[in-house]
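Text of upload.cif (mmCIF, C-alpha atoms) as supplied:
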```cif
data_my_file
#
loop_
_atom_site.label_atom_id
_atom_site.label_comp_id
_atom_site.auth_asym_id
_atom_site.auth_seq_id
_atom_site.Cartn_x
_atom_site.Cartn_y
_atom_site.Cartn_z
CA MET A 15 -11.12 41.54 -16.56
CA GLU A 16 -8.99 40.59 -13.54
CA LYS A 17 -10.50 37.90 -11.39
CA ARG A 18 -10.54 38.87 -7.73
CA SER A 19 -9.90 36.47 -4.89
CA THR A 20 -12.78 35.46 -2.65
CA PHE A 21 -11.88 36.70 0.82
CA SER A 22 -13.61 36.35 4.18
CA VAL A 23 -12.86 36.67 7.89
CA TYR A 24 -14.66 34.62 10.53
CA PHE A 25 -14.30 34.38 14.32
CA TYR A 26 -15.04 31.10 16.12
CA LEU A 27 -14.39 29.20 19.35
CA LYS A 28 -11.81 26.39 19.46
CA LYS A 29 -13.87 24.21 21.77
CA HIS A 30 -11.34 21.44 22.43
CA ARG A 31 -9.02 23.93 24.13
CA THR A 32 -11.22 24.96 27.07
CA ASN A 33 -9.11 26.44 29.89
CA SER A 34 -9.28 25.72 33.62
CA GLU A 35 -11.84 28.52 34.10
CA GLY A 36 -14.25 26.98 31.61
CA GLU A 37 -13.55 29.59 28.93
CA ILE A 38 -12.84 28.78 25.30
CA PRO A 39 -10.24 30.63 23.17
CA ILE A 40 -11.45 32.77 20.27
CA TYR A 41 -9.78 32.11 16.90
CA LEU A 42 -9.83 33.97 13.61
CA ARG A 43 -10.14 32.14 10.31
CA ILE A 44 -9.07 33.81 7.07
CA SER A 45 -10.35 32.25 3.84
CA VAL A 46 -9.02 33.06 0.37
CA ASN A 47 -10.38 31.02 -2.52
CA SER A 48 -11.47 28.29 -0.06
CA LEU A 49 -7.96 27.98 1.43
CA ARG A 50 -7.65 28.89 5.09
CA ALA A 51 -5.27 30.23 7.70
CA GLU A 52 -6.08 30.47 11.39
CA MET A 53 -4.72 32.36 14.35
CA SER A 54 -5.55 32.91 18.01
CA MET A 55 -7.04 36.21 19.13
CA HIS A 56 -5.61 35.61 22.63
CA LEU A 57 -9.10 36.08 24.08
CA SER A 58 -11.33 33.56 25.85
CA ILE A 59 -15.04 33.47 26.60
CA GLU A 60 -17.71 31.14 27.99
CA GLU A 61 -19.52 29.23 25.26
CA LYS A 62 -22.94 30.48 26.38
CA LEU A 63 -21.79 34.06 25.76
CA TRP A 64 -20.87 33.43 22.12
CA ASN A 65 -23.03 33.74 18.97
CA THR A 66 -21.70 31.23 16.45
CA ASN A 67 -23.64 32.68 13.50
CA SER A 68 -22.44 36.25 13.93
CA GLY A 69 -19.02 35.39 15.32
CA ARG A 70 -19.47 37.88 18.16
CA ALA A 71 -19.81 37.86 21.93
CA ILE A 72 -23.29 38.20 23.48
CA GLY A 73 -24.06 40.74 26.19
CA THR A 74 -23.57 44.32 27.29
CA SER A 75 -20.92 44.02 30.00
CA LYS A 76 -17.65 45.93 29.65
CA LYS A 77 -15.77 42.67 28.97
CA ILE A 78 -18.16 41.71 26.18
CA LYS A 79 -17.98 45.17 24.63
CA ASP A 80 -14.18 45.13 24.78
CA ILE A 81 -14.05 41.71 23.10
CA ASN A 82 -16.39 42.75 20.28
CA SER A 83 -14.52 46.02 19.80
CA PHE A 84 -11.19 44.15 19.52
CA LEU A 85 -12.61 41.59 17.08
CA GLU A 86 -14.14 44.29 14.89
CA SER A 87 -10.82 46.14 14.84
CA ALA A 88 -9.03 42.92 13.87
CA ARG A 89 -11.56 42.29 11.09
CA SER A 90 -11.10 45.79 9.71
CA THR A 91 -7.32 45.47 9.86
CA MET A 92 -7.45 42.15 8.00
CA PHE A 93 -9.38 43.80 5.16
CA GLU A 94 -6.77 46.57 5.07
CA HIS A 95 -3.97 44.02 4.66
CA TYR A 96 -5.94 42.20 1.96
CA LYS A 97 -6.43 45.49 0.14
CA TYR A 98 -2.71 46.31 0.48
CA LEU A 99 -1.62 42.98 -1.02
CA ARG A 100 -4.09 43.37 -3.90
CA GLU A 101 -3.09 46.94 -4.69
CA THR A 102 0.64 46.23 -4.55
CA GLY A 103 0.31 43.19 -6.83
CA LYS A 104 1.69 40.77 -4.26
CA PRO A 105 0.49 37.13 -4.10
CA ILE A 106 -2.75 36.92 -2.14
CA SER A 107 -3.33 33.94 0.13
CA ALA A 108 -4.78 33.34 3.57
CA VAL A 109 -1.27 32.78 4.96
CA ALA A 110 0.05 35.94 3.28
CA ILE A 111 -2.73 38.07 4.86
CA LYS A 112 -2.13 36.46 8.26
CA ASN A 113 1.62 37.09 8.00
CA SER A 114 1.05 40.68 6.91
CA TYR A 115 -1.24 41.23 9.93
CA LEU A 116 1.34 39.68 12.30
CA GLY A 117 4.16 41.76 10.81
CA ILE A 118 6.12 38.73 9.63
CA VAL A 119 8.93 39.83 7.32
CA GLU A 120 8.70 39.55 3.56
CA GLU A 121 9.43 36.14 2.04
CA GLU A 122 12.83 37.05 0.62
CA ASP A 123 14.05 37.79 4.17
CA LYS A 124 12.59 34.75 5.90
CA GLY A 125 15.47 32.30 5.52
CA LYS A 126 15.53 28.62 4.64
CA LYS A 127 12.46 26.68 3.60
CA VAL A 128 11.07 23.44 5.02
CA LEU A 129 11.33 21.19 1.96
CA GLU A 130 14.68 22.73 1.06
CA LEU A 131 16.17 21.65 4.40
CA PHE A 132 14.41 18.27 4.21
CA GLN A 133 16.00 17.63 0.80
CA GLU A 134 19.44 18.66 2.05
CA HIS A 135 19.05 16.21 4.94
CA ASN A 136 18.06 13.38 2.60
CA ASP A 137 20.96 14.12 0.26
CA ARG A 138 23.38 13.79 3.19
CA VAL A 139 21.74 10.55 4.31
CA LYS A 140 22.12 9.11 0.79
CA THR A 141 25.89 9.65 0.92
CA LEU A 142 25.98 7.45 4.05
CA ILE A 143 23.89 4.60 2.66
CA ASN A 144 25.17 1.21 3.88
CA ILE A 145 27.50 3.11 6.24
CA ASP A 146 25.29 4.79 8.83
CA TYR A 147 21.94 4.27 7.11
CA SER A 148 20.27 1.30 5.46
CA PRO A 149 18.61 1.62 2.02
CA GLU A 150 15.27 1.12 3.78
CA THR A 151 15.92 4.13 6.04
CA VAL A 152 16.87 6.29 3.06
CA GLU A 153 13.68 5.24 1.28
CA ARG A 154 11.64 6.05 4.40
CA TYR A 155 13.00 9.63 4.50
CA GLU A 156 12.30 10.07 0.78
CA THR A 157 8.72 8.92 1.31
CA SER A 158 8.35 11.31 4.26
CA LEU A 159 9.63 14.18 2.10
CA LYS A 160 7.10 13.37 -0.63
CA HIS A 161 4.20 13.28 1.82
CA THR A 162 5.33 16.57 3.41
CA ARG A 163 5.47 18.20 -0.02
CA ASP A 164 1.96 16.93 -0.83
CA PHE A 165 0.65 18.17 2.52
CA ILE A 166 2.03 21.69 2.06
CA LYS A 167 0.57 21.86 -1.43
CA GLN A 168 -2.85 20.70 -0.28
CA LYS A 169 -3.08 22.70 2.95
CA TYR A 170 -1.35 25.94 1.94
CA ASN A 171 -1.46 25.79 -1.88
CA ARG A 172 2.26 26.57 -1.97
CA ASP A 173 5.34 24.72 -3.17
CA ASP A 174 7.13 25.21 0.14
CA LEU A 175 6.96 27.02 3.48
CA TYR A 176 9.58 28.95 5.36
CA LEU A 177 10.81 27.32 8.54
CA SER A 178 9.79 30.48 10.40
CA GLU A 179 6.16 29.72 9.46
CA LEU A 180 6.12 26.38 11.28
CA ASP A 181 3.95 26.38 14.39
CA HIS A 182 1.88 24.03 16.53
CA GLU A 183 -1.04 24.41 14.14
CA PHE A 184 1.10 23.10 11.26
CA ILE A 185 1.99 19.98 13.26
CA THR A 186 -1.65 19.44 14.24
CA TYR A 187 -2.87 19.55 10.66
CA TYR A 188 0.14 17.48 9.55
CA GLU A 189 -1.10 14.70 11.84
CA ILE A 190 -4.66 15.04 10.59
CA TYR A 191 -3.43 14.85 6.97
CA PHE A 192 -1.81 11.45 7.48
CA LYS A 193 -4.82 10.03 9.31
CA THR A 194 -7.43 11.32 6.86
CA VAL A 195 -5.93 11.92 3.41
CA ARG A 196 -3.23 9.24 3.59
CA LYS A 197 -5.46 6.87 5.64
CA CYS A 198 -2.52 5.97 7.90
CA ALA A 199 -2.97 4.22 11.24
CA HIS A 200 -2.02 6.13 14.40
CA ASN A 201 1.40 4.50 14.87
CA THR A 202 2.31 4.91 11.19
CA THR A 203 1.34 8.58 11.45
CA MET A 204 3.58 8.99 14.50
CA LYS A 205 6.52 7.48 12.60
CA TYR A 206 6.11 10.02 9.79
CA ILE A 207 5.86 12.84 12.33
CA LYS A 208 9.00 11.53 14.03
CA ASN A 209 10.86 11.78 10.72
CA PHE A 210 9.69 15.38 10.31
CA LYS A 211 10.63 16.19 13.90
CA LYS A 212 14.22 15.29 13.04
CA ILE A 213 14.18 17.98 10.34
CA VAL A 214 12.81 20.51 12.86
CA ARG A 215 15.56 19.62 15.36
CA LEU A 216 18.11 20.07 12.59
CA ALA A 217 16.65 23.51 11.82
CA ILE A 218 16.88 24.54 15.49
CA THR A 219 20.44 23.23 15.82
CA ASN A 220 21.56 25.11 12.70
CA GLY A 221 19.92 28.35 13.82
CA HIS A 222 17.22 28.38 11.15
CA LEU A 223 14.44 28.18 13.74
CA ASP A 224 14.37 29.82 17.17
CA ARG A 225 11.32 28.00 18.58
CA ASP A 226 10.13 24.41 18.57
CA PRO A 227 6.70 23.87 16.96
CA PHE A 228 6.65 20.46 18.68
CA ALA A 229 6.86 22.08 22.14
CA ASN A 230 3.31 21.13 23.18
CA PHE A 231 2.83 18.17 20.86
CA LYS A 232 2.76 14.71 22.44
CA MET A 233 3.90 11.77 20.34
CA ARG A 234 2.62 8.51 21.79
CA LEU A 235 2.58 5.12 20.10
CA ARG A 236 -0.41 2.91 20.81
CA LYS A 237 0.18 -0.66 21.88
CA VAL A 238 -0.55 -3.02 19.01
CA ASP A 239 -0.85 -6.78 19.40
CA ARG A 240 0.64 -8.18 16.19
CA GLY A 241 -0.36 -11.73 17.07
CA PHE A 242 1.53 -15.01 16.80
CA LEU A 243 0.98 -18.58 15.64
CA SER A 244 -0.04 -21.27 18.11
CA GLU A 245 1.67 -24.66 18.27
CA ASP A 246 -1.19 -26.24 16.31
CA GLU A 247 -0.96 -23.57 13.63
CA LEU A 248 2.80 -24.06 13.40
CA LYS A 249 2.28 -27.79 12.88
CA ILE A 250 -0.26 -27.14 10.13
CA LEU A 251 2.26 -24.89 8.40
CA ILE A 252 5.10 -27.40 8.79
CA ASN A 253 3.10 -30.33 7.39
CA LYS A 254 1.35 -28.49 4.54
CA LYS A 255 2.18 -29.65 1.00
CA PHE A 256 2.25 -26.87 -1.60
CA ASN A 257 1.75 -27.20 -5.33
CA THR A 258 4.12 -24.36 -6.18
CA THR A 259 7.81 -23.94 -5.41
CA ARG A 260 7.18 -20.23 -4.79
CA LEU A 261 4.86 -20.79 -1.82
CA GLU A 262 6.95 -23.69 -0.49
CA GLN A 263 10.08 -21.52 -0.37
CA VAL A 264 8.24 -18.65 1.33
CA ARG A 265 6.80 -21.10 3.89
CA ASP A 266 10.28 -22.49 4.59
CA CYS A 267 11.81 -19.03 5.06
CA PHE A 268 8.93 -18.00 7.31
CA LEU A 269 9.30 -21.17 9.41
CA PHE A 270 13.03 -20.59 9.73
CA SER A 271 12.26 -17.16 11.17
CA CYS A 272 9.67 -18.73 13.52
CA PHE A 273 12.40 -20.97 14.98
CA THR A 274 15.22 -18.39 15.05
CA GLY A 275 13.45 -15.06 15.64
CA LEU A 276 15.36 -13.42 12.78
CA ALA A 277 13.78 -10.30 11.26
CA HIS A 278 13.26 -10.26 7.50
CA SER A 279 16.22 -7.95 6.80
CA ASP A 280 18.58 -10.29 8.69
CA LEU A 281 17.02 -13.43 7.23
CA LYS A 282 17.59 -12.11 3.71
CA ARG A 283 21.34 -11.55 4.22
CA LEU A 284 22.02 -14.66 6.31
CA SER A 285 25.15 -16.38 4.95
CA ARG A 286 27.56 -19.18 5.89
CA GLU A 287 29.81 -16.72 7.76
CA HIS A 288 26.97 -16.21 10.26
CA VAL A 289 26.90 -19.91 11.24
CA VAL A 290 29.51 -20.92 13.84
CA THR A 291 30.18 -23.82 16.19
CA GLY A 292 29.30 -22.85 19.76
CA THR A 293 31.01 -23.80 22.99
CA ASP A 294 28.38 -26.53 23.39
CA GLY A 295 29.52 -28.12 20.14
CA GLY A 296 26.28 -27.23 18.36
CA GLN A 297 25.68 -24.93 15.41
CA TRP A 298 24.77 -21.32 16.20
CA ILE A 299 23.76 -18.22 14.25
CA LYS A 300 25.78 -15.16 15.24
CA ILE A 301 24.63 -12.05 13.42
CA ASN A 302 24.53 -8.33 14.14
CA ARG A 303 21.01 -7.09 13.51
CA LYS A 304 20.78 -4.76 10.54
CA LYS A 305 18.31 -2.50 12.36
CA THR A 306 20.25 -1.93 15.60
CA ASP A 307 23.66 -3.58 15.09
CA ASN A 308 23.02 -5.56 18.30
CA LEU A 309 24.35 -9.11 18.27
CA SER A 310 21.85 -11.97 18.04
CA SER A 311 23.08 -15.37 19.25
CA ILE A 312 20.73 -18.20 18.31
CA PRO A 313 21.26 -21.97 18.56
CA ILE A 314 20.09 -23.75 15.41
CA LEU A 315 17.28 -26.19 16.27
CA GLU A 316 16.74 -29.40 14.31
CA VAL A 317 13.83 -27.98 12.32
CA SER A 318 15.95 -24.95 11.36
CA GLN A 319 18.89 -27.15 10.32
CA LYS A 320 16.65 -29.25 8.07
CA ILE A 321 15.54 -26.10 6.26
CA LEU A 322 19.16 -24.98 5.80
CA ASP A 323 20.11 -28.44 4.46
CA LYS A 324 17.21 -28.27 1.99
CA TYR A 325 18.65 -25.16 0.33
CA LYS A 326 22.41 -25.73 0.65
CA ASN A 327 22.67 -26.51 -3.08
CA ASP A 328 19.98 -24.06 -4.24
CA ALA A 329 21.13 -22.13 -7.33
CA TYR A 330 19.91 -18.74 -6.05
CA CYS A 331 21.53 -19.24 -2.63
CA MET A 332 24.86 -20.30 -4.10
CA ALA A 333 24.93 -17.42 -6.60
CA ASN A 334 24.12 -14.82 -3.92
CA ASN A 335 26.11 -16.38 -1.05
CA VAL A 336 23.06 -16.67 1.20
CA LEU A 337 21.52 -19.60 3.07
CA LEU A 338 17.88 -19.12 2.08
CA PRO A 339 15.99 -17.88 -1.02
CA VAL A 340 14.31 -14.93 0.70
CA ASN A 341 12.06 -12.61 -1.34
CA SER A 342 11.65 -8.89 -0.73
CA ASN A 343 9.59 -8.07 2.33
CA GLN A 344 6.73 -6.79 0.17
CA LYS A 345 6.58 -9.96 -1.94
CA MET A 346 7.00 -12.23 1.06
CA ASN A 347 4.10 -10.60 2.90
CA ALA A 348 1.89 -10.92 -0.19
CA TYR A 349 2.74 -14.62 -0.58
CA LEU A 350 2.24 -15.22 3.15
CA LYS A 351 -1.35 -14.07 2.82
CA GLU A 352 -1.82 -16.74 0.13
CA ILE A 353 -0.29 -19.32 2.47
CA ALA A 354 -2.65 -18.28 5.29
CA ASP A 355 -5.62 -18.85 2.97
CA VAL A 356 -4.31 -22.25 1.76
CA CYS A 357 -3.66 -23.37 5.35
CA GLU A 358 -7.02 -21.94 6.49
CA ILE A 359 -5.37 -20.00 9.30
CA ASN A 360 -7.38 -16.86 10.00
CA LYS A 361 -4.52 -14.56 11.03
CA ASN A 362 -2.79 -11.58 9.47
CA PHE A 363 0.37 -13.25 8.16
CA SER A 364 3.47 -11.09 7.75
CA SER A 365 7.20 -11.64 8.06
CA HIS A 366 7.12 -9.99 11.52
CA LEU A 367 4.52 -12.50 12.73
CA ALA A 368 7.32 -15.09 12.70
CA ARG A 369 9.43 -13.08 15.15
CA HIS A 370 6.49 -12.82 17.56
CA THR A 371 5.80 -16.54 17.16
CA PHE A 372 9.42 -17.32 18.07
CA ALA A 373 9.24 -15.15 21.19
CA THR A 374 5.85 -16.41 22.37
CA THR A 375 5.06 -19.92 21.18
CA VAL A 376 8.52 -21.37 20.57
CA THR A 377 10.47 -19.95 23.52
CA LEU A 378 8.69 -18.14 26.38
CA ASN A 379 5.84 -20.62 26.59
CA ASN A 380 8.32 -23.50 26.62
CA ASN A 381 10.09 -22.24 29.74
CA VAL A 382 12.90 -20.36 27.98
CA PRO A 383 13.75 -17.40 30.28
CA ILE A 384 12.99 -13.95 28.95
CA GLU A 385 16.65 -12.96 29.39
CA THR A 386 17.64 -15.74 26.99
CA VAL A 387 14.92 -14.76 24.51
CA SER A 388 16.12 -11.16 24.66
CA LYS A 389 19.67 -12.26 23.78
CA MET A 390 18.46 -14.29 20.80
CA LEU A 391 16.26 -11.46 19.53
CA GLY A 392 19.20 -9.08 19.71
CA HIS A 393 17.50 -6.66 22.08
CA SER A 394 19.51 -4.19 24.14
CA SER A 395 17.15 -4.45 27.13
CA ILE A 396 14.53 -6.76 28.62
CA ASN A 397 11.96 -3.98 28.26
CA MET A 398 12.13 -4.32 24.49
CA THR A 399 11.52 -8.06 24.76
CA LYS A 400 8.46 -7.53 26.94
CA ILE A 401 6.64 -6.19 23.87
CA TYR A 402 6.85 -9.70 22.45
CA ALA A 403 6.24 -11.50 25.72
CA ARG A 404 2.83 -13.15 26.03
CA LEU A 405 2.07 -16.07 28.30
CA LEU A 406 -0.56 -18.48 27.05
CA ASP A 407 -3.18 -19.96 29.40
CA LYS A 408 -1.53 -23.36 28.91
CA LYS A 409 1.77 -22.04 30.29
CA VAL A 410 0.07 -20.24 33.20
CA GLY A 411 -1.77 -23.46 34.07
CA GLN A 412 1.46 -25.46 34.05
CA ASP A 413 3.22 -22.91 36.24
CA MET A 414 0.39 -22.96 38.78
CA GLN A 415 -0.15 -26.73 38.83
CA HIS A 416 2.39 -27.42 41.57
CA LEU A 417 0.35 -25.29 43.97
CA ASN A 418 -2.34 -28.01 44.02
CA ASN A 419 0.01 -30.24 46.00
CA LYS A 420 1.19 -27.46 48.28
CA PHE A 421 -2.15 -26.12 49.46
CA SER A 422 -5.26 -28.10 50.33
CA LEU A 423 -8.57 -27.41 52.04
CA ALA A 424 -9.88 -29.82 54.64
CA GLU A 425 -13.29 -31.22 53.87
CA VAL A 426 -16.08 -29.37 55.66
#
```
As a first step, turn the structure in this file into structure tokens.
Amino acid sequence: MEKRSTFSVYFYLKKHRTNSEGEIPIYLRISVNSLRAEMSMHLSIEEKLWNTNSGRAIGTSKKIKDINSFLESARSTMFEHYKYLRETGKPISAVAIKNSYLGIVEEEDKGKKVLELFQEHNDRVKTLINIDYSPETVERYETSLKHTRDFIKQKYNRDDLYLSELDHEFITYYEIYFKTVRKCAHNTTMKYIKNFKKIVRLAITNGHLDRDPFANFKMRLRKVDRGFLSEDELKILINKKFNTTRLEQVRDCFLFSCFTGLAHSDLKRLSREHVVTGTDGGQWIKINRKKTDNLSSIPILEVSQKILDKYKNDAYCMANNVLLPVNSNQKMNAYLKEIADVCEINKNFSSHLARHTFATTVTLNNNVPIETVSKMLGHSSINMTKIYARLLDKKVGQDMQHLNNKFSLAEV
């Protein structure tokens, strides 16, 4: 005997979208085998005039009667579309019933699909690896594609969606998916959504999509303080003796980044060709950042030079034509957490912590102007450097000390 789908229609208020008149929009929810699709009824009502249990408006006024009449008509029509799909043998889903109600064209006439276009984009990006895109960027798009595929399967129980089906609701639930199912932080979620937004822009540009589902969606990153090491913590790290070569090498590479501001990707590819003699006669690092291609110009301090000298005859460095034995970012971050425990420093160690330490503890709080720090970090503007800029109380106190001699209060 053929198993029928469980089907229901329910009207509810979307309370977080109250309008300026204090009315809340009425939405319809279609459920088929526990999978849902939602749509606006383009009607609004005060919350006190709505019966949540019955999904109907309360009262006898003409407006209330008109609302209930419209909702009942919509309910009846939904059942007609469900019956039509069942009798014609077409796939039955909440989205299919919604599309049938809205008069959206049959699937074979609906054009390109979301994951199809996403894959085409990624295939093009792969052909430009190490030309316009780094391997890390390619991997990031592949990860985004995988998560998008998983989301569509979970939310819509389909292998793909047509681009014409994308709407603001899709983007809203896409965000919720990353924050709940994937357990991603807000900023990580926004980065995944940014990747998907590129695919949407591509669809609009190529004429596959005539409206932007991101039109009313705001993407805002939250300010995150990644921290930095203090002078005392840097000294602990410098003087610590390790029992394993593995941790000693990771410590040395991390310290080198603390005193040069180099990001992990640039530290890993640093070679002799990046070290030049400056106009001051000293040794400098001149390297175009892998992430932005902006030039970083960094004088090599004594502590940095000692680390370079330590590894100038290292077998790995010589074989790979690099200056330091840098692990992958994933391994380095894992080992740095071990180092934090050994050194008894209660901070979230990561390779990026070194870059913040360089900007804050090593330079800005030792009277190095922010313009100079920006040049060394390879930033294109001072505004980017301000993210790293923190002034410690010690520095503020020093800067204000001279005012003691300038202003005085006569004894009363």
Expected selection from the PyMOL selection byres ((chain A and resi 316-328) around 9), given as a VMD selection string = chain A and resid 266 to 267 269 to 271 273 to 274 297 314 to 315 329 to 333 337 to 339
key: Selection dump of the PyMOL selection byres ((chain A and resi 64) around 12), as a PyMOL selection string   = chain A and resi 25-29+37-40+58-63+65-73+78+81-82
message = With 12 Å as the threshold, what does the neighbourhood of (1.0, 5.1, 22.6) contain in terms of residues, counting all atoms listed in the file? Coordinates are those of the file; answer as an NGL selection string.
response = :A and (200-205 or 232-238)
inquiry  = Evaluate the PyMOL selection byres ((chain A and resi 145-160) around 12) against this structure - the residues, as a count of residues only, please.
reply    = 49
task = Considering only C-alpha atoms, return as a ChimeraX atom specification whatever protein or nucleic-acid residues lie within 10 Å of Phe228 in chain A, sequence-local ones (same chain, fewer than 3 positions apart) excluded.
result = /A:180-186,207,211,214-215,225,231-233
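One finds CA of Lys127 in chain A at 26.8 Å from CA of Lys197 in chain A.
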inquiry  = Can you pull out the residues contacting Lys255 in chain A? Cut-off 12 Å, using only C-alpha atoms, and skip same-chain residues under 2 positions away; I want them as JSON, numbers by chain.
reply    = {"A": [250, 251, 252, 253, 257, 258, 259, 261, 262, 263, 265, 266, 353, 356, 357]}
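Here CA of Leu284 in chain A and CA of Ser364 in chain A stand 18.9 Å from one another.
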